[in-house]
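Visitor: See data_23.cif below, with mmCIF, C-alpha atoms.
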data_structure
loop_
_atom_site.group_PDB
_atom_site.id
_atom_site.type_symbol
_atom_site.label_atom_id
_atom_site.label_comp_id
_atom_site.auth_asym_id
_atom_site.auth_seq_id
_atom_site.Cartn_x
_atom_site.Cartn_y
_atom_site.Cartn_z
ATOM 1 C CA MET A 1 -15.166 -2.430 -6.615
ATOM 2 C CA PRO A 2 -13.556 -3.010 -9.997
ATOM 3 C CA ALA A 3 -9.788 -3.073 -10.289
ATOM 4 C CA VAL A 4 -7.784 -0.530 -12.216
ATOM 5 C CA PRO A 5 -5.695 -2.369 -14.850
ATOM 6 C CA ALA A 6 -2.009 -2.708 -14.044
ATOM 7 C CA GLY A 7 0.750 -0.788 -15.774
ATOM 8 C CA LEU A 8 -1.240 2.281 -16.805
ATOM 9 C CA GLU A 9 -0.058 5.868 -16.596
ATOM 10 C CA TYR A 10 -2.292 8.240 -14.634
ATOM 11 C CA HIS A 11 -4.059 9.748 -17.640
ATOM 12 C CA ARG A 12 -4.695 6.350 -19.282
ATOM 13 C CA VAL A 13 -6.880 4.807 -16.578
ATOM 14 C CA TYR A 14 -10.040 5.364 -18.665
ATOM 15 C CA ALA A 15 -8.441 4.089 -21.884
ATOM 16 C CA THR A 16 -9.896 0.975 -23.501
ATOM 17 C CA GLU A 17 -9.985 -0.505 -26.983
ATOM 18 C CA LYS A 18 -12.961 1.778 -27.615
ATOM 19 C CA ARG A 19 -12.327 5.508 -27.304
ATOM 20 C CA ARG A 20 -15.736 6.210 -25.678
ATOM 21 C CA VAL A 21 -15.746 9.791 -26.904
ATOM 22 C CA LEU A 22 -19.436 10.352 -26.167
ATOM 23 C CA ARG A 23 -18.995 9.203 -22.579
ATOM 24 C CA GLY A 24 -16.024 11.501 -22.249
ATOM 25 C CA ILE A 25 -18.015 14.465 -23.553
ATOM 26 C CA VAL A 26 -20.714 13.726 -20.986
ATOM 27 C CA ALA A 27 -18.056 13.651 -18.251
ATOM 28 C CA ILE A 28 -16.605 17.002 -19.360
ATOM 29 C CA VAL A 29 -20.079 18.578 -19.588
ATOM 30 C CA LEU A 30 -20.880 17.349 -16.078
ATOM 31 C CA LEU A 31 -17.567 18.711 -14.806
ATOM 32 C CA VAL A 32 -18.180 22.153 -16.301
ATOM 33 C CA ALA A 33 -21.761 22.106 -14.990
ATOM 34 C CA GLY A 34 -20.468 21.326 -11.518
ATOM 35 C CA PHE A 35 -17.759 23.967 -11.791
ATOM 36 C CA VAL A 36 -20.310 26.661 -12.698
ATOM 37 C CA GLY A 37 -23.179 25.305 -10.613
ATOM 38 C CA PHE A 38 -21.274 25.088 -7.341
ATOM 39 C CA ALA A 39 -19.876 28.587 -7.900
ATOM 40 C CA VAL A 40 -23.340 30.083 -8.461
ATOM 41 C CA LEU A 41 -24.901 28.159 -5.562
ATOM 42 C CA PHE A 42 -22.262 29.077 -2.991
ATOM 43 C CA GLN A 43 -22.141 32.669 -4.226
ATOM 44 C CA ARG A 44 -25.898 33.085 -3.859
ATOM 45 C CA LEU A 45 -25.826 31.592 -0.358
ATOM 46 C CA SER A 46 -22.999 33.889 0.697
ATOM 47 C CA GLU A 47 -24.848 36.935 -0.692
ATOM 48 C CA VAL A 48 -27.961 36.061 1.320
ATOM 49 C CA VAL A 49 -26.041 35.481 4.540
ATOM 50 C CA ASP A 50 -23.954 38.626 4.037
ATOM 51 C CA ALA A 51 -27.059 40.731 3.486
ATOM 52 C CA GLU A 52 -29.176 39.230 6.276
ATOM 53 C CA LEU A 53 -26.587 38.828 9.027
ATOM 54 C CA PHE A 54 -23.869 41.359 8.258
ATOM 55 C CA ALA A 55 -25.687 43.978 6.143
ATOM 56 C CA ARG A 56 -22.934 44.016 3.548
ATOM 57 C CA SER A 57 -22.561 43.173 -0.136
ATOM 58 C CA GLY A 58 -20.014 43.154 -2.939
ATOM 59 C CA PRO A 59 -17.354 40.770 -4.246
ATOM 60 C CA SER A 60 -14.889 41.490 -1.453
ATOM 61 C CA THR A 61 -16.188 40.014 1.770
ATOM 62 C CA PRO A 62 -14.676 37.202 3.830
ATOM 63 C CA LEU A 63 -17.809 35.123 3.357
ATOM 64 C CA ARG A 64 -17.681 35.510 -0.418
ATOM 65 C CA GLN A 65 -14.043 34.440 -0.365
ATOM 66 C CA ALA A 66 -14.916 31.363 1.699
ATOM 67 C CA ALA A 67 -17.831 30.536 -0.609
ATOM 68 C CA GLY A 68 -15.594 30.622 -3.675
ATOM 69 C CA ALA A 69 -13.074 28.282 -2.088
ATOM 70 C CA LEU A 70 -15.747 25.843 -0.897
ATOM 71 C CA ALA A 71 -17.382 25.797 -4.343
ATOM 72 C CA LEU A 72 -14.083 24.672 -5.865
ATOM 73 C CA ALA A 73 -13.405 22.180 -3.060
ATOM 74 C CA ALA A 74 -16.752 20.538 -3.833
ATOM 75 C CA LEU A 75 -15.241 19.417 -7.149
ATOM 76 C CA ILE A 76 -13.154 16.812 -5.306
ATOM 77 C CA PRO A 77 -15.996 14.443 -4.300
ATOM 78 C CA TYR A 78 -17.989 15.482 -7.358
ATOM 79 C CA SER A 79 -15.216 14.478 -9.780
ATOM 80 C CA MET A 80 -14.782 11.174 -7.964
ATOM 81 C CA LEU A 81 -18.519 10.532 -8.281
ATOM 82 C CA VAL A 82 -18.537 11.304 -12.008
ATOM 83 C CA GLN A 83 -15.569 8.978 -12.514
ATOM 84 C CA ARG A 84 -17.235 6.192 -10.539
ATOM 85 C CA VAL A 85 -20.593 6.462 -12.307
ATOM 86 C CA LEU A 86 -19.388 6.906 -15.890
ATOM 87 C CA TYR A 87 -16.244 4.768 -15.893
ATOM 88 C CA GLY A 88 -16.731 2.341 -13.004
ATOM 89 C CA VAL A 89 -13.304 3.245 -11.631
ATOM 90 C CA PRO A 90 -12.757 3.391 -7.846
ATOM 91 C CA ALA A 91 -13.126 6.953 -6.582
ATOM 92 C CA ARG A 92 -9.805 7.037 -4.752
ATOM 93 C CA SER A 93 -7.883 6.149 -7.894
ATOM 94 C CA LEU A 94 -8.325 9.813 -8.826
ATOM 95 C CA HIS A 95 -5.704 10.656 -6.182
ATOM 96 C CA SER A 96 -2.869 8.789 -7.873
ATOM 97 C CA VAL A 97 -1.820 5.596 -9.625
ATOM 98 C CA ALA A 98 -1.313 4.065 -6.161
ATOM 99 C CA GLY A 99 -5.049 4.322 -5.527
ATOM 100 C CA ARG A 100 -4.597 6.605 -2.526
ATOM 101 C CA PHE A 101 -3.416 10.070 -1.619
ATOM 102 C CA ARG A 102 0.368 9.891 -1.146
ATOM 103 C CA PHE A 103 0.967 12.199 1.816
ATOM 104 C CA GLY A 104 4.703 11.538 1.638
ATOM 105 C CA VAL A 105 4.776 12.927 -1.892
ATOM 106 C CA LEU A 106 2.768 15.936 -0.747
ATOM 107 C CA GLY A 107 5.127 16.623 2.163
ATOM 108 C CA ARG A 108 8.323 16.352 0.140
ATOM 109 C CA ALA A 109 6.940 18.558 -2.635
ATOM 110 C CA LEU A 110 5.856 21.158 -0.072
ATOM 111 C CA LEU A 111 9.292 21.216 1.557
ATOM 112 C CA VAL A 112 11.267 21.299 -1.706
ATOM 113 C CA PHE A 113 9.112 23.396 -4.015
ATOM 114 C CA GLY A 114 6.973 25.447 -1.637
ATOM 115 C CA PRO A 115 9.573 27.906 -0.250
ATOM 116 C CA PRO A 116 11.107 29.033 -3.584
ATOM 117 C CA LEU A 117 7.688 29.481 -5.183
ATOM 118 C CA LEU A 118 6.417 31.475 -2.210
ATOM 119 C CA LEU A 119 9.545 33.642 -2.191
ATOM 120 C CA VAL A 120 9.276 34.439 -5.894
ATOM 121 C CA ILE A 121 5.605 35.380 -5.573
ATOM 122 C CA ALA A 122 6.425 37.585 -2.585
ATOM 123 C CA VAL A 123 9.148 39.421 -4.491
ATOM 124 C CA GLY A 124 6.823 39.887 -7.444
ATOM 125 C CA SER A 125 4.259 41.554 -5.150
ATOM 126 C CA LEU A 126 6.558 44.406 -4.164
ATOM 127 C CA GLY A 127 4.921 46.709 -6.699
ATOM 128 C CA GLY A 128 1.741 46.794 -4.633
ATOM 129 C CA SER A 129 -1.517 48.575 -5.401
ATOM 130 C CA ASP A 130 -3.938 50.985 -3.766
ATOM 131 C CA PRO A 131 -4.824 49.738 -0.251
ATOM 132 C CA ALA A 132 -8.412 48.897 0.636
ATOM 133 C CA PRO A 133 -9.962 50.069 3.931
ATOM 134 C CA TRP A 134 -10.285 46.657 5.571
ATOM 135 C CA THR A 135 -11.160 46.370 9.228
ATOM 136 C CA THR A 136 -9.012 44.286 11.559
ATOM 137 C CA ALA A 137 -11.747 41.642 11.732
ATOM 138 C CA ASP A 138 -11.882 41.427 7.926
ATOM 139 C CA LEU A 139 -8.124 40.929 7.702
ATOM 140 C CA VAL A 140 -8.186 38.192 10.341
ATOM 141 C CA TRP A 141 -10.976 36.370 8.539
ATOM 142 C CA PHE A 142 -9.272 36.715 5.160
ATOM 143 C CA PHE A 143 -6.096 35.261 6.664
ATOM 144 C CA ALA A 144 -7.907 32.293 8.217
ATOM 145 C CA ILE A 145 -9.844 31.590 5.009
ATOM 146 C CA GLY A 146 -6.691 31.896 2.928
ATOM 147 C CA MET A 147 -4.783 29.420 5.062
ATOM 148 C CA LEU A 148 -7.585 26.899 5.615
ATOM 149 C CA LEU A 149 -9.930 26.973 2.604
ATOM 150 C CA THR A 150 -7.899 28.327 -0.317
ATOM 151 C CA PRO A 151 -5.705 25.165 -0.478
ATOM 152 C CA LEU A 152 -8.881 23.075 -0.679
ATOM 153 C CA GLY A 153 -10.162 25.238 -3.515
ATOM 154 C CA ALA A 154 -6.894 24.818 -5.412
ATOM 155 C CA ALA A 155 -7.070 21.060 -4.851
ATOM 156 C CA GLY A 156 -10.633 21.011 -6.202
ATOM 157 C CA GLU A 157 -9.485 22.605 -9.448
ATOM 158 C CA GLU A 158 -6.755 19.980 -9.754
ATOM 159 C CA TYR A 159 -9.105 17.052 -9.178
ATOM 160 C CA GLY A 160 -11.547 18.406 -11.725
ATOM 161 C CA PHE A 161 -9.230 19.477 -14.531
ATOM 162 C CA ARG A 162 -5.862 17.755 -14.044
ATOM 163 C CA GLY A 163 -7.699 14.734 -12.693
ATOM 164 C CA LEU A 164 -11.025 13.947 -14.314
ATOM 165 C CA MET A 165 -10.708 15.963 -17.540
ATOM 166 C CA PHE A 166 -7.060 14.978 -18.071
ATOM 167 C CA ARG A 167 -8.027 11.311 -17.795
ATOM 168 C CA VAL A 168 -10.972 11.694 -20.153
ATOM 169 C CA LEU A 169 -8.844 13.306 -22.860
ATOM 170 C CA GLY A 170 -5.924 10.960 -22.208
ATOM 171 C CA GLY A 171 -8.131 7.986 -22.975
ATOM 172 C CA TRP A 172 -9.183 9.232 -26.406
ATOM 173 C CA THR A 173 -5.916 8.470 -28.179
ATOM 174 C CA ARG A 174 -4.232 5.213 -29.119
ATOM 175 C CA GLY A 175 -0.935 5.949 -27.398
ATOM 176 C CA ALA A 176 0.070 7.137 -23.932
ATOM 177 C CA ARG A 177 2.325 9.941 -25.169
ATOM 178 C CA SER A 178 -0.276 11.359 -27.581
ATOM 179 C CA GLY A 179 -2.891 11.114 -24.830
ATOM 180 C CA ALA A 180 -0.658 13.104 -22.496
ATOM 181 C CA VAL A 181 -0.097 15.790 -25.111
ATOM 182 C CA LEU A 182 -3.815 16.072 -25.888
ATOM 183 C CA GLY A 183 -4.744 16.207 -22.214
ATOM 184 C CA ILE A 184 -2.085 18.757 -21.295
ATOM 185 C CA VAL A 185 -2.837 21.098 -24.202
ATOM 186 C CA VAL A 186 -6.629 21.018 -23.997
ATOM 187 C CA THR A 187 -6.956 21.279 -20.212
ATOM 188 C CA THR A 188 -4.385 24.070 -20.111
ATOM 189 C CA VAL A 189 -6.002 26.184 -22.826
ATOM 190 C CA LEU A 190 -9.590 25.670 -21.644
ATOM 191 C CA PHE A 191 -8.830 26.376 -17.996
ATOM 192 C CA SER A 192 -6.753 29.425 -18.886
ATOM 193 C CA LEU A 193 -9.614 30.818 -20.967
ATOM 194 C CA ALA A 194 -12.001 30.129 -18.075
ATOM 195 C CA HIS A 195 -10.074 32.669 -16.000
ATOM 196 C CA GLY A 196 -11.582 35.432 -18.087
ATOM 197 C CA THR A 197 -8.673 37.401 -19.501
ATOM 198 C CA LEU A 198 -6.864 37.632 -22.814
ATOM 199 C CA ASP A 199 -4.187 40.027 -21.622
ATOM 200 C CA PRO A 200 -0.983 38.508 -23.059
ATOM 201 C CA PHE A 201 0.990 38.603 -19.798
ATOM 202 C CA LEU A 202 -1.806 37.260 -17.594
ATOM 203 C CA PHE A 203 -2.895 34.648 -20.135
ATOM 204 C CA ALA A 204 0.706 33.476 -20.585
ATOM 205 C CA SER A 205 1.090 33.150 -16.809
ATOM 206 C CA TYR A 206 -2.021 30.950 -16.706
ATOM 207 C CA LEU A 207 -0.772 28.817 -19.571
ATOM 208 C CA VAL A 208 2.506 28.181 -17.766
ATOM 209 C CA LEU A 209 0.808 27.516 -14.427
ATOM 210 C CA PHE A 210 -1.757 25.026 -15.702
ATOM 211 C CA SER A 211 0.541 23.262 -18.151
ATOM 212 C CA SER A 212 3.034 22.792 -15.299
ATOM 213 C CA MET A 213 0.278 21.257 -13.150
ATOM 214 C CA ALA A 214 -0.647 18.841 -15.941
ATOM 215 C CA VAL A 215 2.944 17.807 -16.698
ATOM 216 C CA VAL A 216 3.856 17.074 -13.066
ATOM 217 C CA THR A 217 0.609 15.120 -12.659
ATOM 218 C CA TRP A 218 1.514 12.980 -15.653
ATOM 219 C CA ARG A 219 5.132 12.422 -14.607
ATOM 220 C CA THR A 220 4.499 11.732 -10.911
ATOM 221 C CA GLY A 221 1.383 9.669 -11.511
ATOM 222 C CA GLY A 222 -0.877 11.670 -9.208
ATOM 223 C CA LEU A 223 -2.244 15.008 -8.141
ATOM 224 C CA GLU A 224 -0.211 15.591 -4.971
ATOM 225 C CA VAL A 225 2.582 17.760 -6.442
ATOM 226 C CA ALA A 226 0.112 19.738 -8.547
ATOM 227 C CA VAL A 227 -2.021 20.359 -5.441
ATOM 228 C CA VAL A 228 1.058 21.676 -3.615
ATOM 229 C CA LEU A 229 2.110 24.026 -6.416
ATOM 230 C CA HIS A 230 -1.380 25.334 -7.077
ATOM 231 C CA GLY A 231 -2.108 25.663 -3.362
ATOM 232 C CA VAL A 232 1.083 27.602 -2.609
ATOM 233 C CA TYR A 233 0.483 29.796 -5.652
ATOM 234 C CA ASN A 234 -3.070 30.734 -4.633
ATOM 235 C CA VAL A 235 -2.448 31.029 -0.897
ATOM 236 C CA SER A 236 0.584 33.248 -1.438
ATOM 237 C CA PHE A 237 -1.331 35.671 -3.635
ATOM 238 C CA LEU A 238 -4.366 35.811 -1.339
ATOM 239 C CA VAL A 239 -2.557 36.090 1.990
ATOM 240 C CA LEU A 240 -0.041 38.570 0.604
ATOM 241 C CA GLY A 241 -2.870 40.567 -0.924
ATOM 242 C CA THR A 242 -4.761 40.888 2.344
ATOM 243 C CA THR A 243 -1.522 41.613 4.229
ATOM 244 C CA LEU A 244 -0.963 44.520 1.850
ATOM 245 C CA HIS A 245 -4.657 45.563 2.148
ATOM 246 C CA VAL A 246 -5.307 44.754 -1.521
ATOM 247 C CA ASP A 247 -8.937 44.309 -2.559
ATOM 248 C CA VAL A 248 -8.374 40.835 -4.000
ATOM 249 C CA GLY A 249 -12.062 40.127 -4.633
ATOM 250 C CA ALA A 250 -12.533 43.293 -6.654
ATOM 251 C CA GLU A 251 -9.415 42.575 -8.701
ATOM 252 C CA LEU A 252 -10.625 39.072 -9.492
ATOM 253 C CA ALA A 253 -14.061 40.375 -10.458
ATOM 254 C CA ALA A 254 -12.442 42.835 -12.883
ATOM 255 C CA ARG A 255 -9.916 40.366 -14.262
ATOM 256 C CA SER A 256 -11.210 40.744 -17.821
ATOM 257 C CA GLU A 257 -10.139 44.400 -17.729
ATOM 258 C CA ALA A 258 -6.800 43.820 -15.971
ATOM 259 C CA VAL A 259 -3.533 44.757 -17.654
ATOM 260 C CA GLY A 260 -0.548 42.575 -16.889
ATOM 261 C CA SER A 261 3.175 43.140 -17.080
ATOM 262 C CA TRP A 262 6.439 41.213 -17.185
ATOM 263 C CA ALA A 263 6.187 40.869 -13.398
ATOM 264 C CA ASN A 264 3.328 38.405 -13.877
ATOM 265 C CA LEU A 265 5.752 36.031 -15.577
ATOM 266 C CA VAL A 266 8.252 35.924 -12.702
ATOM 267 C CA PRO A 267 6.472 33.035 -10.911
ATOM 268 C CA SER A 268 6.122 31.336 -14.304
ATOM 269 C CA THR A 269 9.906 31.035 -14.557
ATOM 270 C CA THR A 270 10.010 29.219 -11.221
ATOM 271 C CA LEU A 271 7.222 26.874 -12.306
ATOM 272 C CA VAL A 272 9.123 26.019 -15.491
ATOM 273 C CA VAL A 273 12.205 25.180 -13.406
ATOM 274 C CA ILE A 274 10.160 23.026 -11.020
ATOM 275 C CA THR A 275 8.554 21.169 -13.922
ATOM 276 C CA ALA A 276 11.991 20.573 -15.449
ATOM 277 C CA ILE A 277 13.224 19.179 -12.118
ATOM 278 C CA VAL A 278 10.296 16.751 -11.920
ATOM 279 C CA TRP A 279 10.918 15.678 -15.520
ATOM 280 C CA TRP A 280 14.629 15.172 -14.826
ATOM 281 C CA MET A 281 13.850 13.081 -11.735
ATOM 282 C CA THR A 282 11.595 10.811 -13.790
ATOM 283 C CA ARG A 283 13.765 10.636 -16.903
ATOM 284 C CA ARG A 284 14.871 7.037 -16.246
ATOM 285 C CA THR A 285 11.799 5.625 -14.535
ATOM 286 C CA HIS A 286 9.357 7.431 -16.863
ATOM 287 C CA PRO A 287 5.852 8.372 -15.636
ATOM 288 C CA ALA A 288 4.574 6.381 -12.670
ATOM 289 C CA ARG A 289 2.140 3.588 -13.452
ATOM 290 C CA THR A 290 -0.568 1.677 -11.652
ATOM 291 C CA PRO A 291 0.721 -1.261 -9.544
ATOM 292 C CA GLY A 292 1.940 -4.188 -11.590
ATOM 293 C CA ASN A 293 0.423 -6.922 -9.435
ATOM 294 C CA GLY A 294 -2.972 -6.720 -11.126
ATOM 295 C CA GLY A 295 -4.752 -6.058 -7.828
ATOM 296 C CA PRO A 296 -7.327 -3.386 -7.153
ATOM 297 C CA THR A 297 -6.152 0.093 -6.337
ATOM 298 C CA ARG A 298 -8.614 0.780 -3.563
ATOM 299 C CA GLY A 299 -6.319 1.750 -0.700
ATOM 300 C CA THR A 300 -3.546 -0.536 -1.867
ATOM 301 C CA ARG A 301 -0.039 -0.019 -0.589
ATOM 302 C CA ALA A 302 1.439 -2.252 -3.204
ATOM 303 C CA GLY A 303 4.718 -1.112 -4.644
ATOM 304 C CA GLY A 304 4.918 0.498 -8.030
ATOM 305 C CA PRO A 305 7.681 2.023 -10.104
ATOM 306 C CA LYS A 306 9.812 4.581 -8.315
ATOM 307 C CA VAL A 307 9.578 8.114 -9.601
ATOM 308 C CA GLY A 308 12.580 9.878 -8.167
ATOM 309 C CA THR A 309 12.332 10.792 -4.509
ATOM 310 C CA LEU A 310 9.196 12.885 -4.806
ATOM 311 C CA ALA A 311 6.712 10.460 -6.295
ATOM 312 C CA SER A 312 7.731 7.020 -5.158
ATOM 313 C CA THR A 313 4.799 4.650 -4.893
ATOM 314 C CA THR A 314 6.734 2.078 -2.905
ATOM 315 C CA SER A 315 6.076 0.931 0.617
ATOM 316 C CA ASP A 316 8.033 3.784 2.186
ATOM 317 C CA GLU A 317 4.777 5.751 2.000
ATOM 318 C CA ARG A 318 3.275 3.669 4.794
#
How would this structure read if it were set down as structure tokens?
Guide:
Amino acid sequence: MPAVPAGLEYHRVYATEKRRVLRGIVAIVLLVAGFVGFAVLFQRLSEVVDAELFARSGPSTPLRQAAGALALAALIPYSMLVQRVLYGVPARSLHSVAGRFRFGVLGRALLVFGPPLLLVIAVGSLGGSDPAPWTTADLVWFFAIGMLLTPLGAAGEEYGFRGLMFRVLGGWTRGARSGAVLGIVVTTVLFSLAHGTLDPFLFASYLVLFSSMAVVTWRTGGLEVAVVLHGVYNVSFLVLGTTLHVDVGAELAARSEAVGSWANLVPSTTLVVITAIVWWMTRRTHPARTPGNGGPTRGTRAGGPKVGTLASTTSDER
């Protein structure tokens, strides 16, 4: 397997002397096709199974919720495959600049950032909405799906958009800083628009959420912190929604007609603070880079630059 060049920031792994814009467009088209295609495929399968086995239909069934999460989770191996085929880069380099998934980074981010984000989302849900007539079995299944599959769905979105697309856009510029700006702005705006609402409060909350994911990915040199933040964000909303008997599926299906409020921006404030903390922790070391020994990144445990205490790529991750 080819080596990833040493000393590159996460979003610059695809960068070469040639900008390879056409190849990047193909990668983005394939990503969007996978994003839509997996969603349609899993949705159709869930509709058939729901109708044949459970005699039920509609956007708010446990099986439909599981299908949506699995469709997004499929973007993880799919994005790695697209990267490998189009750019010849080892699949596992999509995890981080260390060439592997840094579970230590994931654990520390979950312990430090998870509780305050969950608490803020919980407080923001006090307003509530009209309860749906769920059965006990439905609520149990929604809880299990929310805890087990929703984090995988959130991770799939990160690998596709803050991983593959961020790297594609980051390789189109001459400099690392301009590549980061282009990648952060474009992925944030496109993914926010893909959520199907132009309500100012909801759209602003998406802009903050996805720009935060992109910034922490750039600064920490990997997707682990972004996966934690996105996972906690989604799981909190889903599990809280089913706990309060909210018809989450119906609300998501009618998102284009939803009307937001200032309460939607409460979690955004916490995300801004978390992003500022990550930036402050990396202010001296700067964004993490690929290992400086020139070796391949496939599973390497070689040391790299320290990025605070959250995103160290040194041997303490063993």
Visitor: Between A:Val120, A:Val48, A:Val227, A:Leu182, which one has atoms that come closest to Leu271 of chain A, using all atoms listed in the file?
Guide: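 Among the listed residues, the smallest separation from Leu271 of chain A belongs to A:Val120.
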Visitor: Please evaluate the PyMOL selection byres ((chain A and resi 152) around 12) against the displayed coordinates and give the resulting residues as a PyMOL selection string.
Guide: chain A and resi 66-77+145-151+153-159+227-228+230-232+234-235
Visitor: Find the nearest atom pair between each residue of segment 175-242 of chain A and segment 91-102 of chain A for residues within 6 Å, count only C-alpha atoms, give distances in Å to one decimal, sort rows by chain and ascending number, and present the table as a tab-separated table.
Guide:
residue	atom	partner	partner_atom	distance
A:Gly221	CA	A:Val97	CA	5.5
A:Gly222	CA	A:Ser96	CA	3.7
A:Leu223	CA	A:His95	CA	5.9
Visitor: Mind writing the picked residues with C-alpha atoms as a PDB file, in the coordinates of the input?
Guide:
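Listing of result32.pdb after writing:
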ATOM      1  CA  GLY A 221       1.383   9.669 -11.511  1.00  0.00           C
ATOM      2  CA  GLY A 222      -0.877  11.670  -9.208  1.00  0.00           C
ATOM      3  CA  LEU A 223      -2.244  15.008  -8.141  1.00  0.00           C
TER       4      LEU A 223
END
Visitor: Using only C-alpha atoms for the distances, tell me which of A:Tyr206, A:Tyr14, A:Trp141, A:Phe237 is nearest to Phe166 of chain A.
Guide: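 Comparing A:Tyr206, A:Tyr14, A:Trp141, A:Phe237 against Phe166 of chain A, the winner is A:Tyr14.
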Visitor: May I have the residues within 10 Å of Arg23 of chain A as a PDB file with C-alpha atoms, keeping the file's coordinate frame, using only C-alpha atoms and disregarding those fewer than 6 positions away in the same chain?
Guide:
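Result file follows (out-v9.pdb):
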ATOM      1  CA  VAL A  29     -20.079  18.578 -19.588  1.00  0.00           C
ATOM      2  CA  LEU A  86     -19.388   6.906 -15.890  1.00  0.00           C
ATOM      3  CA  TYR A  87     -16.244   4.768 -15.893  1.00  0.00           C
ATOM      4  CA  VAL A 168     -10.972  11.694 -20.153  1.00  0.00           C
TER       5      VAL A 168
END
Visitor: Quick one: of A:Phe143, A:Phe203, A:Phe210, A:Trp279, who's nearest to Ser236 of chain A, counting all atoms listed in the file?
Guide: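 Looking at the shortest contact to Ser236 of chain A, the residue is A:Phe143.
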Visitor: In Å, with one decimal, what is the gap from atom CA of Val272 of chain A to atom CA of Ser192 of chain A?
Guide: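 Separating atom CA of Val272 of chain A from atom CA of Ser192 of chain A is a distance of 16.6 Å.
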Visitor: Please measure the separation of atom CA of Tyr10 of chain A and atom CA of Leu207 of chain A, giving the value in Å to one decimal.
Guide: 21.2 Å
Visitor: Kindly give the distance, in Å, that separates atom CA of Pro287 of chain A and atom CA of Glu9 of chain A, rounded to a single decimal.
Guide: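 Atom CA of Glu9 of chain A lies 6.5 Å from atom CA of Pro287 of chain A.
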Visitor: I'd like the contact shell of Val26 of chain A - 12 Å cut-off, all atoms listed in the file, skipping same-chain residues fewer than 6 positions apart - returned as a PDB file with C-alpha atoms, keeping the file's coordinate frame.
Guide:
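Generated output (selection-v9.pdb):
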ATOM      1  CA  ARG A  20     -15.736   6.210 -25.678  1.00  0.00           C
ATOM      2  CA  VAL A  32     -18.180  22.153 -16.301  1.00  0.00           C
ATOM      3  CA  ALA A  33     -21.761  22.106 -14.990  1.00  0.00           C
ATOM      4  CA  VAL A  82     -18.537  11.304 -12.008  1.00  0.00           C
ATOM      5  CA  GLN A  83     -15.569   8.978 -12.514  1.00  0.00           C
ATOM      6  CA  VAL A  85     -20.593   6.462 -12.307  1.00  0.00           C
ATOM      7  CA  LEU A  86     -19.388   6.906 -15.890  1.00  0.00           C
ATOM      8  CA  TYR A  87     -16.244   4.768 -15.893  1.00  0.00           C
ATOM      9  CA  LEU A 164     -11.025  13.947 -14.314  1.00  0.00           C
ATOM     10  CA  MET A 165     -10.708  15.963 -17.540  1.00  0.00           C
ATOM     11  CA  VAL A 168     -10.972  11.694 -20.153  1.00  0.00           C
TER      12      VAL A 168
END
Visitor: To verify the selection step, state as a PyMOL selection string which residues the PyMOL selection byres ((chain A and resi 15) around 10) yields on this input.
Guide: chain A and resi 5+8+11-14+16-20+87+167-176+179
Visitor: Quick one: everything within 10 Å of segment 259-265 of chain A, counting only C-alpha atoms, minus sequence neighbours fewer than 3 positions away in the same chain. Send it as a PyMOL selection string.
Guide: chain A and resi 121+123-127+197-206+208-209+255-256+268-271
